[in-house]
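To start, the structure under review is shown below, and the notes come after it.
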Amino acid sequence: MEQRRYTSWRTKIACAGLLLFFWRGVFAQIRYTVLEEQINGTVVGNIAKDLGIDQRTLKERGFRIVSTTGEPLFRVNTNDGALRVNGKIDREEVCERSSSCLINLKIALENPLEIHYVTVEIVDINDHAPIFPEKEKRLEISENAVAGARFQLQAARDGDSGVNSVQIYKLSPNEHFRIEVKDRGADGKIPFVILQKPLDRETSSRHKLHLTALDGGRPQKSGTMEILVDVIDVNDNMPVFTKDTYSVKLSENAPIGTAVIQVNATDADEGANGEVFFSFGHDVDSNLLRLFDLDPVTGEIVVKGPIDFEQKDQYEIDIQASDKALAPLTTEKSILIQIVDVNDNEPEIEVTSLSVAIPENSKLGTTVALISLNDLDSGMNGKVFCSVPEDIPFSLMQSSQENIYSLVTKSSLDREKISQYDITLTAKDAGHPPLSSIKTLTVFISDVNDNSPEFSLNPYTFYVPENNVPGMSMFSVSAHDLDFDENAIISYNIWRDPAQENKHSSFLNINPETGEIYALKSFDFETIKSYQFYIVASDSGTPSLSSNVTVNVFILDQNDNVPVILYPVSSNGSAEGVEEIPRNVNAGHLVTKVRAYDADIGYNGWLLFSLQEVSDHSLFGLDRYTGQIRTLRSFTETDEALHKLVILVKDNGNVSLSATATVIIKIVEPKEAFAASDVKNSVQDDEDNDVTFYLIITLGSVSVLFVISIIVLIVMQCSKSTDYSSKYLQDTNYDGTLCHSIQYRSGDKRYMLVGPRMSIGSTIAPGSNRNTLVVPDRRRRSSGEVRLKRITAHNFQN
């Protein structure tokens with residue numbers, strides 16, 4: 001910072017003398033200079049040093065700046081007496097456009113009072129560039145203007161002063177214009193644009209110039225303005241289309257209002273002479289006017305009506321372009337519009353031949369229907385493909401002609417599974433996006449007799465009570481046929497093989513329509529236990545198909561046999577016998593045993609013995625299961641010598657049947673008894689041997705039949721419910737258990753062999769066979785004695 005001091009030493013001495021003698025106040029003036037835009041705190045000068053004031057007394061004397069308004073531009077430091085910049089100073093803001101910028105400050109001190117005047121000059125720096133009032137200037141110059149024409153422009157303004165203000169103007173190079181500057185003193189330098197060459201609007205309708213103003217600062221700064229010169233036209237040109245030919249493609253079905261094409265024509269003239277409007281030619285067809293519309297201003301052709309490729313595939317339209325001069329000039333141009341096919345037609349499916357029904361045994365490749373396809377579109381949009389679902393036994397075969405297909409069988413048919421097919425035919429074209437149509441074709445499958453009748457069971461097993469009524473229905477069989485109509489009508493008959501003799505089937509008859517089976521005679525369980533025959537079911541197809549089934553019939557026993565007394569039997573055949581016993585026998589002596597037999601089985605053949613008539617109940621007792629007659633006590637002298645016992649033997653059928661036997665017991669002296677016993681034993685041994693022989697044969701036969709019955713019943717129990725057989729029994733307590741029993745005794749336990757199920761109230765003996773039951777014995781038996789009480793069997797033959 002430059003500092004100059006203008007106070008002379010002589011003046012100082014004179015002033016000091018005057019102040020000492022005449023006034024205690026002292027005045028001094030100092031001048032400083034500082035550049036604008038200095039940073040805050042920049043030192044302008046040291047006032048205390050320049051005035052010779054002791055820096056140590058500045059605070060005590062109140063060293064300060066007075067008489068300032070607004071925000072002070074400067075401040076003093078009471079420590080060192082320096083004058084500093086108080087914030088950034090902008091000369092153009094403080095002094096505006098003044099040529100010089102001076103700031104006067106008043107510095108005051110007290111004790112003694114001193115006033116000092118300080119002048120600070122703000123020195124300008126080149127911190128502003130020239131600025132034009134307008135960024136862009138438009139000039140309109142007629143193309144008829146002569147060379148030398150002058151056009152004044154507004155001068156540029158520069159906030160700086162002196163050499164930092166605007167000094168010169170420069171114009172961008174142009175053959176038609178140059179720049180001149182006129183200096184008007186305080187008003188600055190005024191630029192002028194001079195036309196030095198005539199203008200031609202058709203060559204260039206506008207000229208763009210750049211005017212630059214430069215100041216004299218270092219570094220130099222500048223400002224630019226753009227000058228646009230518009231050349232005013234003279235009408236001497238006709239409209240010209242921008243293209244030699246116009247051709248466009250338009251998709252059919254384009255919406256109304258769709259822009260087809262926009263023609264463009266230019267006119268080198270300007271104003272009304274250069275404004276162009278468009279119109280249709282004079283010879284345009286009226287049909288075109290219904291389809292297309294033309295915007296006279298923009299030249300845009302838009303769709304006005306429906307466009308259909310199938311009606312016409314191209315249009316040619318004449319367009320006129322005219323200007324708006326008083327004598328308009330016109331130019332014509334033809335526009336070719338080609339219609340592009342759009343995939344807007346769905347394929348059509350036509351079934352030209354169809355078999356009403358096709359047999360289910362048709363061979364592979366059998367033609368079912370002929371299908372023709374049609375699409376009104378063209379190209380790929382009209383190329384059609386047809387398809388059917390993959391999960392049906394039919395397929396499509398394309399013929400040599402395009403869009404013709406044959407629907408043929410591709411796998412075997414089965415009417416019993418599917419009797420009708422609703423086939424969906426799908427026709428799809430190759431357009432983008434593709435269109436498709438669907439048609440349903442119903443194919444009926446006609447029946448062929450390819451299924452034999454099937455019985456609901458195989459084999460059949462029936463249980464028939466004996467003594468059935470001849471001519472009444474015993475049971476029925478049923479069969480069904482998966483075929484249809486006549487092929488499913490079934491007739492039944494009993495198969496009789498001439499080569500084999502089946503006398504039982506000859507006593508049976510069957511209803512051929514219902515399968516009801518009738519017995520022509522009554523069956524006797526004691527004569528026949530079971531029999532087997534075959535039934536044939538035939539349909540009514542051609543040729544007829546048939547199947548057969550085995551029928552097993554088991555005769556159920558009824559209680560129709562009266563017990564037969566085997567012992568005692570007299571010579572005349574009556575059930576009477578005489579037994580002699582010594583008088584000295586002890587209690588429990590076996591007198592005799594009543595033996596009986598029942599041809600029935602099960603409960604119907606299970607016999608029980610009871611005393612119907614006895615002379616002395618205290619003397620003799622009867623075992624109800626074995627038929628043994630034993631003494632209950634020893635005889636006394638008072639007991640009668642002759643006793644009559646009537647034994648009732650009855651079975652356990654629902655309606656019990658019974659027989660009686662009479663035993664006469666004579667009490668003799670021991671000697672007579674021994675003699676009679678020898679004679680009797682010899683006779684009785686012969687009789688017992690015969691009875692024993694028959695019993696052994698019977699027991700063996702029954703055992704074999706019993707084992708067979710158990711096997712058959714086990715199989716039956718596994719295959720069907722026991723409730724089925726229980727319906728043939730009237731006893732509500734009967735649970736399907738065979739009433740076949742063989743009772744015997746060993747030691748103190750009594751056993752009963754039964755069928756697959758246990759009788760109620762019986763227990764299984766440990767370690768015994770599953771078919772052996774332990775029957776509680778209510779009477780004491782002698783150890784080791786085994787007697788056969790009763791054998792009954794329910795025999796079923798397979």
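Each chain of the structure tokens is named A, B, ... in the order shown, its residues numbered from 1; ligands are numbered from 1 in display order.
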
Give me the residues within 7 Å of A:Gly81 as an mmCIF file with N, CA, C and O atoms, in the first residue's frame, counting only C-alpha atoms and dropping any in the same chain fewer than 5 places off.
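Written file, selection-v4.cif:
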data_model
loop_
_atom_site.group_PDB
_atom_site.id
_atom_site.type_symbol
_atom_site.label_atom_id
_atom_site.label_comp_id
_atom_site.auth_asym_id
_atom_site.auth_seq_id
_atom_site.Cartn_x
_atom_site.Cartn_y
_atom_site.Cartn_z
ATOM 1 N N ASN A 46 -0.670 3.516 9.360
ATOM 2 C CA ASN A 46 -0.563 3.611 10.827
ATOM 3 C C ASN A 46 -0.715 5.085 11.201
ATOM 4 O O ASN A 46 0.205 5.895 11.048
ATOM 5 N N ILE A 47 -1.885 5.443 11.679
ATOM 6 C CA ILE A 47 -2.193 6.854 11.986
ATOM 7 C C ILE A 47 -1.347 7.341 13.164
ATOM 8 O O ILE A 47 -0.815 8.457 13.163
ATOM 9 N N ALA A 48 -1.222 6.495 14.217
ATOM 10 C CA ALA A 48 -0.457 6.926 15.402
ATOM 11 C C ALA A 48 0.994 7.198 15.047
ATOM 12 O O ALA A 48 1.606 8.187 15.507
ATOM 13 N N GLN A 55 1.889 5.203 21.094
ATOM 14 C CA GLN A 55 0.922 4.110 20.970
ATOM 15 C C GLN A 55 0.416 3.613 22.328
ATOM 16 O O GLN A 55 -0.677 3.055 22.425
ATOM 17 N N VAL A 76 -9.974 1.492 13.453
ATOM 18 C CA VAL A 76 -8.640 1.730 13.980
ATOM 19 C C VAL A 76 -8.366 0.727 15.075
ATOM 20 O O VAL A 76 -9.285 0.253 15.760
#

Item to check | Within 8 Å of A:Asp230 using only C-alpha atoms, minus same-chain residues under 3 positions, as an NGL selection string | outcome: :A and (138-141 or 205-207)

Since we have the selection now, will you write its residues out, keeping C-alpha atoms, as an mmCIF file, in the first residue's frame?
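Final file, again_9.cif:
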data_model
loop_
_atom_site.group_PDB
_atom_site.id
_atom_site.type_symbol
_atom_site.label_atom_id
_atom_site.label_comp_id
_atom_site.auth_asym_id
_atom_site.auth_seq_id
_atom_site.Cartn_x
_atom_site.Cartn_y
_atom_site.Cartn_z
ATOM 1 C CA ARG A 138 -32.631 -8.228 -34.004
ATOM 2 C CA LEU A 139 -32.411 -6.145 -37.148
ATOM 3 C CA GLU A 140 -34.744 -6.361 -40.147
ATOM 4 C CA ILE A 141 -33.135 -5.236 -43.372
ATOM 5 C CA SER A 205 -32.626 -15.085 -44.989
ATOM 6 C CA ARG A 206 -30.826 -14.410 -41.757
ATOM 7 C CA HIS A 207 -27.350 -13.333 -40.744
#

Checklist entry - Can you list, as a VMD selection string, every residue of stretch 39-271 of chain A that DSSP puts in strand (DSSP E)? => result chain A and resid 43 to 46 64 to 66 74 to 76 82 to 85 102 to 109 114 to 123 136 to 142 150 to 152 166 to 171 177 to 183 189 to 195 206 to 215 222 to 232 240 to 241 246 to 251 259 to 262 265 to 266

Checklist entry - Counting only C-alpha atoms, what is within 9 Å of A:Pro239, bar same-chain residues fewer than 4 positions away, as a list in words? => result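 With the cut-off at 9 Å, the set is Ala265, Thr266, Asp267, Ala268, Asp269, Gly274, Glu275, Val276, Ala321, Ser322, Asp323, Leu329, Thr330 and Thr331 of chain A.
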
Could you turn the residues from that selection into a file that holds C-alpha atoms, as a PDB file, in the first residue's frame?
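The result, written out as again.pdb:
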ATOM      1  CA  ALA A 265     -43.504 -28.165 -49.362  1.00  0.00           C
ATOM      2  CA  THR A 266     -41.340 -25.069 -48.987  1.00  0.00           C
ATOM      3  CA  ASP A 267     -41.450 -21.656 -50.597  1.00  0.00           C
ATOM      4  CA  ALA A 268     -38.313 -19.541 -50.706  1.00  0.00           C
ATOM      5  CA  ASP A 269     -40.463 -16.480 -50.319  1.00  0.00           C
ATOM      6  CA  GLY A 274     -44.036 -18.069 -48.576  1.00  0.00           C
ATOM      7  CA  GLU A 275     -47.016 -19.569 -46.710  1.00  0.00           C
ATOM      8  CA  VAL A 276     -48.023 -22.907 -48.238  1.00  0.00           C
ATOM      9  CA  ALA A 321     -49.259 -27.259 -52.580  1.00  0.00           C
ATOM     10  CA  SER A 322     -50.081 -23.554 -53.119  1.00  0.00           C
ATOM     11  CA  ASP A 323     -48.786 -20.265 -51.599  1.00  0.00           C
ATOM     12  CA  LEU A 329     -48.386 -20.585 -57.475  1.00  0.00           C
ATOM     13  CA  THR A 330     -49.285 -24.325 -57.279  1.00  0.00           C
ATOM     14  CA  THR A 331     -47.306 -27.564 -57.347  1.00  0.00           C
TER      15      THR A 331
END

Checklist entry - So which one's closest to A:Lys137, A:Gln196, A:Thr224, A:Ser546, A:Asn237? Using only C-alpha atoms, please. => result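 Residue with the minimum atom-to-atom distance to A:Lys137: A:Thr224.
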
Checklist entry - What lies within 7 Å of A:Glu580 using only C-alpha atoms, ignoring chain neighbours under 3 positions off, as a PyMOL selection string? => result chain A and resi 665-668+673

Could you turn the residues from that selection into a file that holds C-alpha atoms, as an mmCIF file, in the first residue's frame?
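Writing done, so here's again05.cif:
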data_model
loop_
_atom_site.group_PDB
_atom_site.id
_atom_site.type_symbol
_atom_site.label_atom_id
_atom_site.label_comp_id
_atom_site.auth_asym_id
_atom_site.auth_seq_id
_atom_site.Cartn_x
_atom_site.Cartn_y
_atom_site.Cartn_z
ATOM 1 C CA ILE A 665 -83.709 -154.429 36.513
ATOM 2 C CA LYS A 666 -83.919 -157.652 38.512
ATOM 3 C CA ILE A 667 -82.130 -157.943 41.830
ATOM 4 C CA VAL A 668 -80.949 -161.505 42.415
ATOM 5 C CA ALA A 673 -76.437 -163.466 39.514
#

Item to check | Selection near A:Asn451, 10 Å with only C-alpha atoms, sequence-local residues under 4 positions removed, as a ChimeraX atom specification | outcome: /A:416,480-484,487-488,539,541,544-546

Item to check | Among the residues A:Asn273, A:Thr626, A:Asn449, A:Asn509, the one that comes closest to A:Asp485 [using only C-alpha atoms] | outcome: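 Counting only C-alpha atoms, the residue closest to A:Asp485 is A:Asn449.
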
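Separating atom CA of A:Glu466 from atom CA of A:Trp606 is a distance of 18.3 Å.
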